[in-house]
Structure formats: C-alpha cells, structure tokens
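See below for start_28.cif, which holds mmCIF, C-alpha atoms.
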```
data_target
loop_
_atom_site.label_atom_id
_atom_site.label_comp_id
_atom_site.auth_asym_id
_atom_site.auth_seq_id
_atom_site.Cartn_x
_atom_site.Cartn_y
_atom_site.Cartn_z
CA MET A 5 55.97 106.23 74.52
CA LEU A 6 52.38 107.15 73.82
CA GLU A 7 51.35 110.68 73.11
CA ALA A 8 47.90 112.14 72.53
CA ALA A 9 47.85 115.50 70.81
CA GLY A 10 44.75 117.71 70.76
CA LEU A 11 42.18 114.93 70.71
CA ASP A 12 38.57 115.89 70.02
CA CYS A 13 35.88 113.29 70.18
CA GLU A 14 32.35 113.70 68.93
CA ARG A 15 29.89 110.83 69.09
CA SER A 16 26.46 111.08 67.47
CA GLY A 17 26.60 114.87 67.42
CA ARG A 18 27.64 115.24 71.06
CA THR A 19 31.07 116.53 71.99
CA LEU A 20 32.62 114.25 74.59
CA PHE A 21 35.95 115.97 75.02
CA ARG A 22 37.90 118.68 73.32
CA ASP A 23 41.61 119.36 72.86
CA LEU A 24 42.81 116.58 75.13
CA SER A 25 46.58 116.21 75.22
CA PHE A 26 48.77 114.03 77.41
CA GLY A 27 51.77 111.77 77.24
CA ILE A 28 52.40 108.38 78.76
CA ALA A 29 55.88 107.18 79.59
CA ALA A 30 57.16 103.71 80.46
CA GLY A 31 56.04 102.72 83.94
CA ASP A 32 53.09 105.13 84.03
CA LEU A 33 49.77 104.21 85.56
CA VAL A 34 46.90 106.36 84.34
CA ARG A 35 43.28 106.24 85.39
CA ILE A 36 40.69 107.74 83.09
CA ALA A 37 37.96 109.16 85.28
CA GLY A 38 34.56 110.63 84.60
CA PRO A 39 30.85 109.88 84.98
CA ASN A 40 28.95 107.47 82.72
CA GLY A 41 28.84 108.63 79.14
CA SER A 42 31.73 111.07 79.51
CA GLY A 43 33.78 109.28 76.86
CA LYS A 44 36.11 107.05 78.85
CA THR A 45 35.60 104.06 76.59
CA SER A 46 35.78 106.26 73.50
CA LEU A 47 39.12 107.64 74.69
CA LEU A 48 40.52 104.15 75.23
CA ARG A 49 39.28 103.07 71.81
CA ILE A 50 40.88 106.12 70.23
CA LEU A 51 44.14 105.33 72.00
CA CYS A 52 44.21 101.79 70.66
CA GLY A 53 43.21 102.88 67.17
CA LEU A 54 39.75 101.32 66.96
CA LEU A 55 38.12 104.73 66.80
CA ALA A 56 39.35 107.71 64.82
CA PRO A 57 39.34 110.97 66.80
CA THR A 58 37.33 113.80 65.27
CA GLN A 59 40.49 115.83 65.46
CA GLY A 60 44.03 115.39 66.72
CA GLU A 61 46.20 112.32 66.64
CA VAL A 62 47.76 109.65 68.77
CA ARG A 63 51.45 108.99 68.36
CA TRP A 64 53.43 105.94 69.40
CA ARG A 65 57.14 106.62 69.79
CA GLY A 66 56.69 109.67 67.61
CA ALA A 67 54.81 108.05 64.71
CA PRO A 68 51.05 108.43 64.23
CA ILE A 69 49.25 105.17 65.02
CA ARG A 70 47.05 105.46 61.92
CA ARG A 71 50.15 104.88 59.85
CA LEU A 72 51.63 102.21 62.07
CA ALA A 73 48.41 100.11 62.13
CA GLU A 74 49.33 96.56 63.20
CA GLU A 75 52.92 97.63 63.90
CA TYR A 76 51.37 99.56 66.78
CA SER A 77 48.76 97.06 67.85
CA ARG A 78 51.46 94.46 68.46
CA HIS A 79 52.61 96.68 71.32
CA LEU A 80 49.29 96.83 73.13
CA VAL A 81 46.67 94.73 74.83
CA TYR A 82 43.15 96.12 74.89
CA ILE A 83 40.56 94.52 77.12
CA GLY A 84 37.23 96.09 76.39
CA HIS A 85 33.71 95.93 77.82
CA ALA A 86 32.99 92.73 75.94
CA ALA A 87 35.13 89.84 77.12
CA ALA A 88 35.87 88.80 73.50
CA LEU A 89 35.36 85.14 74.30
CA LYS A 90 33.69 82.60 72.04
CA ASP A 91 30.78 80.93 73.83
CA ASP A 92 31.35 77.58 72.15
CA LEU A 93 35.02 77.29 73.06
CA THR A 94 36.65 76.60 76.41
CA PRO A 95 38.57 79.38 78.17
CA SER A 96 41.90 77.79 77.31
CA GLU A 97 41.00 77.50 73.61
CA ASN A 98 39.90 81.12 73.69
CA LEU A 99 43.09 82.23 75.38
CA ASP A 100 45.28 80.20 73.05
CA ILE A 101 43.61 81.69 69.98
CA ALA A 102 43.72 85.23 71.37
CA CYS A 103 47.45 84.90 72.03
CA ARG A 104 48.19 83.45 68.61
CA LEU A 105 46.23 86.20 66.88
CA ALA A 106 48.19 88.76 68.86
CA GLY A 107 51.40 87.13 67.65
CA LEU A 108 52.33 85.64 71.01
CA HIS A 109 53.04 81.99 71.50
CA ALA A 110 51.89 80.50 74.73
CA HIS A 111 52.67 76.96 75.81
CA ARG A 112 49.94 74.70 77.05
CA GLU A 113 51.32 74.89 80.61
CA SER A 114 51.43 78.68 80.66
CA LEU A 115 47.85 78.83 79.34
CA ALA A 116 46.72 76.47 82.09
CA GLY A 117 48.77 78.42 84.61
CA ALA A 118 47.22 81.75 83.64
CA LEU A 119 43.70 80.37 83.83
CA SER A 120 44.26 78.68 87.18
CA ALA A 121 45.82 81.87 88.57
CA PHE A 122 42.48 83.52 87.91
CA ALA A 123 40.55 80.41 89.00
CA VAL A 124 38.71 79.99 85.70
CA PRO A 125 37.00 76.57 85.46
CA ALA A 126 37.54 74.46 82.34
CA LEU A 127 33.97 74.68 81.08
CA PRO A 128 32.68 76.05 77.79
CA VAL A 129 32.49 79.83 78.13
CA ARG A 130 28.72 79.60 77.64
CA LYS A 131 28.45 78.10 81.15
CA LEU A 132 30.60 80.71 82.90
CA SER A 133 29.26 83.53 85.05
CA GLN A 134 29.90 87.18 84.24
CA GLY A 135 32.73 87.40 86.73
CA GLN A 136 34.34 84.20 85.48
CA ARG A 137 34.24 85.51 81.92
CA ARG A 138 35.94 88.67 83.09
CA ARG A 139 38.64 86.61 84.79
CA ALA A 140 39.15 84.56 81.65
CA ALA A 141 39.63 87.80 79.70
CA LEU A 142 42.07 89.15 82.28
CA ALA A 143 44.06 85.91 82.25
CA ARG A 144 45.39 87.12 78.91
CA LEU A 145 47.36 89.79 80.75
CA LEU A 146 49.43 87.11 82.46
CA LEU A 147 50.63 85.97 79.05
CA SER A 148 51.16 89.51 77.77
CA GLU A 149 53.82 90.63 80.21
CA ARG A 150 56.15 91.58 77.41
CA VAL A 151 53.56 93.74 75.67
CA PRO A 152 54.36 97.26 76.89
CA LEU A 153 50.99 99.02 76.77
CA TRP A 154 47.86 97.76 78.53
CA LEU A 155 44.54 99.51 77.92
CA LEU A 156 41.91 98.14 80.28
CA ASP A 157 38.28 99.18 80.16
CA GLU A 158 36.64 98.52 83.54
CA PRO A 159 38.99 95.65 84.38
CA PHE A 160 37.54 95.20 87.86
CA ALA A 161 33.84 95.11 86.93
CA ALA A 162 32.04 91.98 88.17
CA LEU A 163 35.16 90.66 89.91
CA ASP A 164 35.26 89.47 93.52
CA ALA A 165 37.77 90.87 96.01
CA ALA A 166 40.33 88.11 95.47
CA ALA A 167 40.30 88.49 91.70
CA VAL A 168 40.58 92.28 92.00
CA ARG A 169 43.64 91.78 94.17
CA SER A 170 45.34 89.44 91.72
CA ALA A 171 44.55 91.80 88.84
CA GLU A 172 46.06 94.67 90.81
CA ASP A 173 49.17 92.64 91.60
CA LEU A 174 49.52 91.86 87.94
CA ILE A 175 49.26 95.53 87.02
CA ALA A 176 51.79 96.50 89.70
CA GLN A 177 54.23 93.91 88.37
CA HIS A 178 53.77 95.15 84.85
CA LEU A 179 54.51 98.72 85.93
CA LYS A 180 57.60 97.60 87.79
CA ALA A 181 58.80 95.85 84.64
CA GLY A 182 58.53 99.13 82.74
CA GLY A 183 55.10 98.68 81.16
CA SER A 184 52.35 101.29 81.09
CA VAL A 185 48.73 100.80 82.03
CA LEU A 186 45.70 102.95 81.28
CA TYR A 187 42.45 101.93 82.89
CA THR A 188 38.97 103.12 83.67
CA THR A 189 37.04 102.11 86.75
CA HIS A 190 34.04 103.03 88.84
CA GLN A 191 35.11 100.94 91.78
CA GLN A 192 37.59 101.99 94.41
CA ALA A 193 40.80 100.18 93.76
CA ALA A 194 43.99 100.16 95.80
CA LEU A 195 45.83 101.22 92.65
CA ASP A 196 44.00 104.52 92.43
CA SER A 197 46.30 106.27 94.88
CA ARG A 198 49.31 105.61 92.64
CA ALA A 199 47.59 106.55 89.42
CA ARG A 200 47.69 109.78 87.53
CA VAL A 201 44.14 110.83 86.68
CA ILE A 202 42.77 112.11 83.40
CA ASP A 203 39.40 113.52 84.37
CA LEU A 204 36.98 113.77 81.47
CA ALA A 205 34.35 115.47 83.65
CA ALA A 206 36.63 118.50 83.82
CA GLN A 207 36.58 118.82 80.06
CA MET B 26 53.62 85.10 61.68
CA ILE B 27 51.01 86.18 59.15
CA LEU B 28 50.58 82.60 57.97
CA GLY B 29 50.26 81.55 61.59
CA VAL B 30 47.44 84.03 62.09
CA VAL B 31 45.66 82.75 58.97
CA ARG B 32 46.02 79.16 60.13
CA THR B 33 44.79 79.97 63.64
CA LEU B 34 41.80 81.88 62.36
CA VAL B 35 40.74 79.26 59.82
CA ARG B 36 41.11 76.55 62.42
CA ARG B 37 39.11 78.60 64.93
CA ASP B 38 36.25 79.20 62.50
CA LEU B 39 36.17 75.53 61.48
CA LEU B 40 36.15 74.53 65.15
CA LEU B 41 33.30 76.92 65.83
CA ALA B 42 31.39 75.51 62.86
CA MET B 43 31.98 72.00 64.21
CA ARG B 44 30.64 72.98 67.63
CA ARG B 45 27.60 74.52 65.98
CA ARG B 46 26.92 72.09 63.18
CA SER B 47 23.28 73.00 62.70
CA ASP B 48 24.21 76.44 61.29
CA ALA B 49 26.35 75.01 58.53
CA ALA B 50 23.86 72.22 57.89
CA THR B 51 21.04 74.72 57.38
CA ALA B 52 22.68 76.29 54.34
CA LEU B 53 23.57 72.94 52.82
CA LEU B 54 20.10 71.55 53.44
CA PHE B 55 18.59 74.66 51.90
CA PHE B 56 20.69 74.09 48.78
CA MET B 57 19.63 70.46 48.53
CA ILE B 58 15.96 71.19 49.13
CA VAL B 59 15.69 74.06 46.64
CA ALA B 60 17.55 72.15 43.95
CA SER B 61 15.46 69.03 44.56
CA LEU B 62 12.09 70.77 44.55
CA PHE B 63 12.39 71.99 40.97
CA PRO B 64 12.25 68.58 39.30
CA LEU B 65 9.27 67.73 41.50
CA GLY B 66 7.44 70.93 40.65
CA ILE B 67 8.23 71.04 36.97
CA GLY B 68 7.65 67.39 36.17
CA ALA B 69 9.84 64.62 34.82
CA GLU B 70 10.38 65.89 31.30
CA PRO B 71 14.07 65.00 30.74
CA ASN B 72 14.81 67.56 28.04
CA GLN B 73 13.33 70.37 30.07
CA LEU B 74 15.20 69.29 33.21
CA ARG B 75 18.47 69.06 31.33
CA ALA B 76 17.93 72.58 30.02
CA ILE B 77 17.21 74.17 33.42
CA GLY B 78 19.51 71.98 35.57
CA PRO B 79 22.72 74.05 35.57
CA GLY B 80 20.86 77.29 36.12
CA VAL B 81 18.80 75.96 39.01
CA ILE B 82 21.82 74.43 40.74
CA TRP B 83 23.75 77.67 40.40
CA VAL B 84 20.85 79.80 41.68
CA ALA B 85 20.41 77.45 44.64
CA ALA B 86 24.15 77.65 45.42
CA LEU B 87 23.99 81.43 45.27
CA LEU B 88 20.99 81.69 47.58
CA SER B 89 22.44 79.20 50.02
CA THR B 90 25.69 81.18 50.22
CA MET B 91 23.71 84.33 50.86
CA LEU B 92 21.84 82.59 53.67
CA SER B 93 25.08 82.03 55.56
CA LEU B 94 26.61 85.47 54.97
CA GLY B 95 24.88 87.03 57.96
CA ARG B 96 26.96 84.87 60.29
CA LEU B 97 30.29 85.81 58.74
CA PHE B 98 31.05 88.75 61.04
CA ALA B 99 27.92 89.18 63.17
CA ALA B 100 28.91 86.79 65.98
CA ASP B 101 32.46 88.15 66.21
CA TYR B 102 31.06 91.65 66.25
CA ALA B 103 28.58 90.89 69.03
CA ASP B 104 31.04 89.28 71.45
CA GLY B 105 33.88 91.74 70.89
CA THR B 106 36.26 89.34 69.13
CA LEU B 107 36.11 91.41 65.95
CA GLU B 108 37.74 94.32 67.83
CA GLN B 109 40.47 92.00 68.99
CA LEU B 110 40.94 90.76 65.43
CA ALA B 111 41.34 94.36 64.29
CA LEU B 112 44.03 94.77 66.97
CA GLY B 113 45.81 91.57 66.03
CA ALA B 114 49.36 91.11 64.82
CA ALA B 115 48.40 90.63 61.17
CA PRO B 116 46.94 93.27 58.82
CA LEU B 117 43.14 93.30 58.95
CA GLY B 118 42.99 92.50 55.22
CA VAL B 119 44.72 89.19 55.88
CA VAL B 120 42.42 88.48 58.82
CA VAL B 121 39.24 88.97 56.81
CA ALA B 122 40.66 86.96 53.90
CA ALA B 123 41.19 84.11 56.35
CA LYS B 124 37.61 84.48 57.54
CA ALA B 125 36.32 84.42 53.96
CA LEU B 126 38.37 81.28 53.34
CA ALA B 127 36.87 79.62 56.41
CA HIS B 128 33.40 80.69 55.27
CA TRP B 129 34.00 79.06 51.91
CA LEU B 130 35.29 75.86 53.52
CA VAL B 131 32.17 75.65 55.66
CA SER B 132 29.48 76.77 53.25
CA GLY B 133 30.96 76.72 49.72
CA LEU B 134 33.00 73.53 49.53
CA PRO B 135 30.14 71.24 50.68
CA LEU B 136 28.02 72.63 47.81
CA VAL B 137 30.76 71.77 45.32
CA VAL B 138 31.01 68.25 46.71
CA ILE B 139 27.29 67.56 46.74
CA ALA B 140 26.46 69.23 43.41
CA PRO B 141 27.05 66.09 41.27
CA LEU B 142 24.53 64.24 43.40
CA ILE B 143 21.98 67.00 42.89
CA ALA B 144 22.77 67.05 39.17
CA LEU B 145 21.66 63.41 38.94
CA GLN B 146 18.09 64.61 39.35
CA TYR B 147 18.44 66.73 36.24
CA ASP B 148 19.77 63.89 34.13
CA LEU B 149 22.82 65.90 33.05
CA GLU B 150 25.09 64.19 30.57
CA ARG B 151 28.20 62.70 32.06
CA PRO B 152 30.80 65.19 30.70
CA LEU B 153 28.81 68.04 32.23
CA TYR B 154 29.43 66.90 35.80
CA GLY B 155 33.07 67.90 35.60
CA VAL B 156 32.21 71.31 34.16
CA LEU B 157 29.56 71.90 36.82
CA VAL B 158 31.92 71.01 39.67
CA LEU B 159 34.73 73.07 38.18
CA SER B 160 32.49 76.09 37.69
CA LEU B 161 31.27 75.85 41.29
CA LEU B 162 34.82 75.34 42.53
CA LEU B 163 35.87 78.58 40.85
CA GLY B 164 32.66 80.48 41.51
CA THR B 165 31.72 79.77 45.14
CA PRO B 166 34.90 81.36 46.59
CA VAL B 167 34.00 84.51 44.65
CA LEU B 168 30.56 84.39 46.28
CA SER B 169 32.19 84.19 49.74
CA LEU B 170 34.63 87.02 49.01
CA ILE B 171 32.05 89.40 47.55
CA GLY B 172 29.57 88.39 50.23
CA ALA B 173 32.11 89.34 52.89
CA ILE B 174 32.00 92.94 51.61
CA GLY B 175 28.23 93.01 52.07
CA ALA B 176 28.45 91.36 55.49
CA ALA B 177 31.05 93.88 56.65
CA LEU B 178 29.12 96.88 55.34
CA THR B 179 25.97 95.87 57.20
CA LEU B 180 27.73 95.21 60.54
CA GLY B 181 25.62 96.31 63.46
CA LEU B 182 22.70 97.47 61.32
CA ARG B 183 19.18 96.44 62.13
CA GLY B 184 17.63 94.50 59.26
CA GLY B 185 21.15 93.85 57.97
CA GLY B 186 20.07 90.53 56.47
CA VAL B 187 17.81 92.12 53.88
CA LEU B 188 20.38 94.80 53.14
CA ILE B 189 23.12 92.23 52.52
CA SER B 190 20.97 90.58 49.85
CA LEU B 191 20.25 93.89 48.17
CA LEU B 192 23.91 94.92 48.22
CA VAL B 193 25.40 91.66 47.15
CA LEU B 194 22.91 90.30 44.64
CA PRO B 195 23.85 92.62 41.74
CA LEU B 196 27.51 91.71 42.27
CA TYR B 197 26.64 88.02 42.19
CA VAL B 198 24.94 88.23 38.80
CA PRO B 199 28.13 87.98 36.66
CA VAL B 200 29.24 84.92 38.64
CA LEU B 201 25.84 83.33 38.11
CA ILE B 202 25.79 84.06 34.38
CA LEU B 203 29.33 82.77 33.85
CA GLY B 204 28.86 79.73 36.09
CA ALA B 205 25.56 78.54 34.69
CA GLY B 206 26.67 79.64 31.20
CA SER B 207 29.74 77.41 31.26
CA VAL B 208 27.64 74.32 31.89
CA ALA B 209 25.06 75.35 29.29
CA MET B 210 27.89 75.91 26.83
CA ALA B 211 29.25 72.43 27.45
CA ALA B 212 25.73 71.01 27.12
CA ALA B 213 25.50 72.62 23.67
CA GLY B 214 28.67 70.80 22.70
CA LEU B 215 30.91 73.87 22.80
CA ALA B 216 34.05 74.39 24.84
CA PRO B 217 33.24 76.00 28.23
CA SER B 218 36.80 77.16 28.73
CA GLY B 219 36.00 80.82 27.99
CA GLN B 220 33.47 81.10 30.81
CA LEU B 221 35.62 79.07 33.17
CA LEU B 222 38.64 81.27 32.50
CA LEU B 223 36.56 84.36 33.15
CA LEU B 224 35.36 82.81 36.41
CA GLY B 225 38.97 82.14 37.31
CA ALA B 226 39.81 85.75 36.54
CA LEU B 227 36.93 86.90 38.76
CA LEU B 228 38.31 84.73 41.53
CA VAL B 229 41.80 86.17 41.21
CA VAL B 230 40.54 89.76 41.12
CA SER B 231 38.16 89.34 44.06
CA ALA B 232 40.79 87.49 46.11
CA ALA B 233 43.17 90.37 45.53
CA PHE B 234 40.82 93.28 46.16
CA ALA B 235 37.82 92.16 48.21
CA PRO B 236 39.79 91.63 51.47
CA TRP B 237 40.95 95.24 51.51
CA ALA B 238 37.43 96.53 50.88
CA VAL B 239 36.17 94.25 53.66
CA ALA B 240 38.90 95.50 56.00
CA VAL B 241 37.88 99.11 55.45
CA ALA B 242 34.20 98.25 55.95
CA VAL B 243 34.98 96.33 59.16
CA ARG B 244 36.96 99.29 60.53
CA ILE B 245 33.99 101.54 59.88
CA GLY B 246 31.64 98.95 61.39
CA ILE B 247 33.49 98.69 64.71
CA GLU B 248 33.95 102.44 65.19
#
```

Go ahead and render the structure in this file as structure tokens.
Amino acid sequence: MLEAAGLDCERSGRTLFRDLSFGIAAGDLVRIAGPNGSGKTSLLRILCGLLAPTQGEVRWRGAPIRRLAEEYSRHLVYIGHAAALKDDLTPSENLDIACRLAGLHAHRESLAGALSAFAVPALPVRKLSQGQRRRAALARLLLSERVPLWLLDEPFAALDAAAVRSAEDLIAQHLKAGGSVLYTTHQQAALDSRARVIDLAAQ
Amino acid sequence: MILGVVRTLVRRDLLLAMRRRSDAATALLFFMIVASLFPLGIGAEPNQLRAIGPGVIWVAALLSTMLSLGRLFAADYADGTLEQLALGAAPLGVVVAAKALAHWLVSGLPLVVIAPLIALQYDLERPLYGVLVLSLLLGTPVLSLIGAIGAALTLGLRGGGVLISLLVLPLYVPVLILGAGSVAMAAAGLAPSGQLLLLGALLVVSAAFAPWAVAVAVRIGIE
C-alpha cells in the first residue's frame, strides 16, 4: 500500500537518515525505533505528507503522495505529539469536529462511546490532565476503523496501564481488519514483539 | 463533503470565538475607541470632521483587523490542529478560505455593523452612511483574505506580530484608498460606483487567489 523510496531527511543542516526505503502492506505493524532526535517524528511526518523529504518520495498505491494530496490524507489518521485538541471545547466537540474535517461522520452515540471507552471525562479540554488529553486524541482511532493507515507518534506516552492496553487492543483489531499501523514508542509495549522494526539508529 | 468541511470549520471558529469573547471584543473596542478619539482630539468643527470622517473610520477598521490577524492561525498552529487541518478531507485552500471567512464574521462584520454609529460622531450626511457601509462590506473581507497570507507567512516566527504588519500594510493601502475614496467621492456629490466596483473586483480577485497563497504558506509553516 505505502512505499517509501530512497528517503533522505535533513533538518537544520543535520542529516537524520539517508536512503531509507521500505514498503508497508495491509495488516503490517511497523515500529519506528531510534534514540531521541534520530528523526522518528520527521519520518512519520514525511510519510503523512506534512514534511517534504530532502530526497526520495513516498508512494501510496503506486502514486506519489505529493500529487495525491487530500486524496491520500483521506486514507490515513495521524496522531502527533500535540493532541490537536481545542482547550475551549469539550472532548466530544473536539472529536466531532476532527471526524467531520476528516470526512467521517460520527453519530452522537458513537462519539460518546469512543470517549467512554477511553474514560475521558466530559470537561472542557483545558481542565484535562496530560494523560486524559492523550486518551481523548486516541479516542479518534475508535471512529477511524475504516481508515486503512494509522500513523501514531508516541501513542502510549502519558497513558496509564489500562489505557495502554485498550490502545493496543484497538491496534490489534485494526491489523486484523486489514489496516496498517506505524508507530513510535519509547515504552515497552506488548505489541513490540509482533512489530517489524525500522531502526533509525542504524542509519 | 467540501461544503461540509467549510461549514464545520466556520462553526468551530465561531464557537471558539464565543467561548473566548474577550478576544473578539478587543478588536471591536479598539475600532470604536480609535474612531471616537479623533473627534475629541481634533475639536468639534463640523466641516473638518466631515472631511476626515471616512478616512479615519477606514484607517481604524484596517488597524483593528490587523490587531486580530495574529490569532488567525497561531492558536491552531500551537495546539497541533493546523496539522490535522492540513491532513483533512478537503483541499487546504478550501480550509484556509473557511478560516478567513470565519475571521471576517468575527472581526470584520461587527465593524460594518457598528460603523454607522461611529459615523454619527463625524456628522456625515445621510446618503453617505450607505456608501460607507457598502464600502466596508466589500473591503473588510479583502482585509481578512490578504491578512491571512501575512498570518500564514509568519507562522511560528518570533516577533511575528510586527512582521505581519510590515508584510500586510502595503497590500492594504489600495483597499484603504478605494474604501475611503468612495465615501469622499459621494461626499463631493459624485457617484462612488467606480471605487465600489474596484473594491468588488479586489474582493473577487483576493477570494480567488489568496486562499491558495495561504495554503502554500501554511504548508511551509508547518514543515
């Protein structure tokens, strides 16, 4: 489905990785590994099209993503470092808006269901803790089951054990349904044993 | 779907403005204060006030729009929503056009509505009120659209606020000249339609091209 061909990435004059090529098929689980500052986030951002690689290209079903633009981004969910939540809105308003902007339509019940599955309280986001914000961001995955490609940057950061488990279950389900997941993490996760690893430290 | 995205985004930005009313009120209050201080400072000489009225109101509208430009993308950029907008289902050009529309609804439209009240202080003749409102109605969306280019170009820069003003001000000058000129024209007893048509043309051109420039600038900003 997704194919990276000869990716080079240079950020502020420093080469992060060179000539990185790999392919991702339906049902693949890939962990991007490497120490801090090795370019894991940059790689994810390149793969979702937010960042242009210094060289090389990313192809989705054979077509370069630069040309596909939003045709491609409809097929992916990217959850980055920032939770992308508006402080002045409630988690369910945030989730509703995020889904609509992604072209998905979620019913009120499924929004409430997703948020309660991740035990997110119905308070303005401003009043939520770091972990609760993270959960609210991850709740979007429950509504994005039909989106084939998930790109998750540190999905387990700041989560407690129970939330990590439900996130892992969600990922496992998605893989079983034929989706693909790329993620970065510093924590040990039960998923790691099943994942193929792209190690940026070896670059 | 594209219309749905526009509707969602405009509604979101209006909702956010409602939850944070003081931000929107600041720009409007600034407009009212600036435009009201001139008659106090210059003195109650009706002929003089009539002569400077349209110009002062237009300058105040321009400055007040500029005051609110910093917020156009900065908050979305800081909390990561701008990235998500760039990865949305609609083209980024449409997304930023929707944001510019919301910006105008929050900070441009109130100026248009309140301008006749401000104009009272300048003792404008009655037929001029319509021209003033019409010129602002055509001109303030142009200010939002052009301002969005400046706001997008200065994303993530320190001291972006000053830079926005420097970038955007020269582009605002034609709007100011045409807007204030149309009212002055009508005050001189001539038809203001020439200036108003040019303002309309500016609006059409900036609505067609500014969103794509903003989209490119936003892409560069979030890289």

Residue members of the PyMOL selection byres ((chain B) within 6 of (chain A)) in the file shown, as a VMD selection string: chain B and resid 30 104 to 106 112 to 114 116 248

Just want the 9 Å neighbourhood of stretch 42-58 of chain B, counted on only C-alpha atoms, with same-chain residues fewer than 5 positions away dropped. Output as a PyMOL selection string. (chain A and resi 92-93) or (chain B and resi 37+63+82+85-93+96+131-133+135-136+139-140+143)

By how many Å are atom CA of B:Leu117 and atom CA of B:Ala226 apart? 23.9 Å

What lies within 12 Å of A:Ser133 using all atoms listed in the file, ignoring chain neighbours under 6 positions off, as a ChimeraX atom specification? /A:87,91,124-125,127,139-140,162-164

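Distance-wise, atom CA of A:Asn40 and atom CA of A:Gln191 end up 12.8 Å apart.
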
List, as an MDAnalysis selection string, every residue that the PyMOL selection byres ((chain A and resi 12) around 10) selects in the file provided. chainID A and resid 9:11 13:14 19:25 47 56:61

Okay, now the selection with C-alpha atoms, as a PDB file, in the frame of the given file?
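The file below, result14.pdb, is the result:
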```pdb
ATOM      1  CA  ALA A   9      47.850 115.500  70.810  1.00  0.00           C
ATOM      2  CA  GLY A  10      44.750 117.710  70.760  1.00  0.00           C
ATOM      3  CA  LEU A  11      42.180 114.930  70.710  1.00  0.00           C
ATOM      4  CA  CYS A  13      35.880 113.290  70.180  1.00  0.00           C
ATOM      5  CA  GLU A  14      32.350 113.700  68.930  1.00  0.00           C
ATOM      6  CA  THR A  19      31.070 116.530  71.990  1.00  0.00           C
ATOM      7  CA  LEU A  20      32.620 114.250  74.590  1.00  0.00           C
ATOM      8  CA  PHE A  21      35.950 115.970  75.020  1.00  0.00           C
ATOM      9  CA  ARG A  22      37.900 118.680  73.320  1.00  0.00           C
ATOM     10  CA  ASP A  23      41.610 119.360  72.860  1.00  0.00           C
ATOM     11  CA  LEU A  24      42.810 116.580  75.130  1.00  0.00           C
ATOM     12  CA  SER A  25      46.580 116.210  75.220  1.00  0.00           C
ATOM     13  CA  LEU A  47      39.120 107.640  74.690  1.00  0.00           C
ATOM     14  CA  ALA A  56      39.350 107.710  64.820  1.00  0.00           C
ATOM     15  CA  PRO A  57      39.340 110.970  66.800  1.00  0.00           C
ATOM     16  CA  THR A  58      37.330 113.800  65.270  1.00  0.00           C
ATOM     17  CA  GLN A  59      40.490 115.830  65.460  1.00  0.00           C
ATOM     18  CA  GLY A  60      44.030 115.390  66.720  1.00  0.00           C
ATOM     19  CA  GLU A  61      46.200 112.320  66.640  1.00  0.00           C
TER      20      GLU A  61
END
```

Residue neighbourhood stretch 188-190 of chain A, 10 Å, all atoms listed in the file, exclusion window fewer than 3 positions, as a PyMOL selection string: chain A and resi 34-40+44-45+48+155-161+193+196+201-202

Considering all atoms listed in the file, state which residue in the set A:Pro95, A:Phe26, A:Ala171, A:His178 is at the smallest distance from A:Val129.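 Smallest distance to A:Val129 is found for A:Pro95.
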
Of the candidates A:Pro152, A:Ala110, A:Pro128, A:Ala165, which shows the shortest atom-to-atom distance to A:Val185, using only C-alpha atoms?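 Closest candidate: A:Pro152.
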
Would you mind completing stretch 217-232 of chain B so that it carries N, CA and C atoms, and writing it out as an mmCIF file, in the coordinates of the input?
```cif
data_model
loop_
_atom_site.group_PDB
_atom_site.id
_atom_site.type_symbol
_atom_site.label_atom_id
_atom_site.label_comp_id
_atom_site.auth_asym_id
_atom_site.auth_seq_id
_atom_site.Cartn_x
_atom_site.Cartn_y
_atom_site.Cartn_z
ATOM 1 N N PRO B 217 33.606 75.034 27.172
ATOM 2 C CA PRO B 217 33.240 76.000 28.230
ATOM 3 C C PRO B 217 34.433 76.782 28.757
ATOM 4 N N SER B 218 35.597 76.614 28.099
ATOM 5 C CA SER B 218 36.800 77.160 28.730
ATOM 6 C C SER B 218 36.747 78.692 28.852
ATOM 7 N N GLY B 219 36.081 79.361 27.913
ATOM 8 C CA GLY B 219 36.000 80.820 27.990
ATOM 9 C C GLY B 219 35.359 81.276 29.285
ATOM 10 N N GLN B 220 34.178 80.729 29.579
ATOM 11 C CA GLN B 220 33.470 81.100 30.810
ATOM 12 C C GLN B 220 34.276 80.714 32.059
ATOM 13 N N LEU B 221 34.873 79.528 31.997
ATOM 14 C CA LEU B 221 35.620 79.070 33.170
ATOM 15 C C LEU B 221 36.834 79.959 33.417
ATOM 16 N N LEU B 222 37.486 80.380 32.325
ATOM 17 C CA LEU B 222 38.640 81.270 32.500
ATOM 18 C C LEU B 222 38.213 82.606 33.076
ATOM 19 N N LEU B 223 37.060 83.097 32.601
ATOM 20 C CA LEU B 223 36.560 84.360 33.150
ATOM 21 C C LEU B 223 36.222 84.212 34.633
ATOM 22 N N LEU B 224 35.633 83.071 34.995
ATOM 23 C CA LEU B 224 35.360 82.810 36.410
ATOM 24 C C LEU B 224 36.650 82.798 37.224
ATOM 25 N N GLY B 225 37.667 82.165 36.645
ATOM 26 C CA GLY B 225 38.970 82.140 37.310
ATOM 27 C C GLY B 225 39.517 83.540 37.485
ATOM 28 N N ALA B 226 39.339 84.370 36.454
ATOM 29 C CA ALA B 226 39.810 85.750 36.540
ATOM 30 C C ALA B 226 39.059 86.504 37.636
ATOM 31 N N LEU B 227 37.735 86.270 37.692
ATOM 32 C CA LEU B 227 36.930 86.900 38.760
ATOM 33 C C LEU B 227 37.448 86.498 40.137
ATOM 34 N N LEU B 228 37.804 85.227 40.246
ATOM 35 C CA LEU B 228 38.310 84.730 41.530
ATOM 36 C C LEU B 228 39.610 85.426 41.906
ATOM 37 N N VAL B 229 40.510 85.540 40.932
ATOM 38 C CA VAL B 229 41.800 86.170 41.210
ATOM 39 C C VAL B 229 41.603 87.633 41.617
ATOM 40 N N VAL B 230 40.751 88.336 40.843
ATOM 41 C CA VAL B 230 40.540 89.760 41.120
ATOM 42 C C VAL B 230 39.876 89.948 42.483
ATOM 43 N N SER B 231 38.853 89.130 42.776
ATOM 44 C CA SER B 231 38.160 89.340 44.060
ATOM 45 C C SER B 231 39.046 88.907 45.229
ATOM 46 N N ALA B 232 39.893 87.880 45.022
ATOM 47 C CA ALA B 232 40.790 87.490 46.110
ATOM 48 C C ALA B 232 41.809 88.579 46.381
#
```
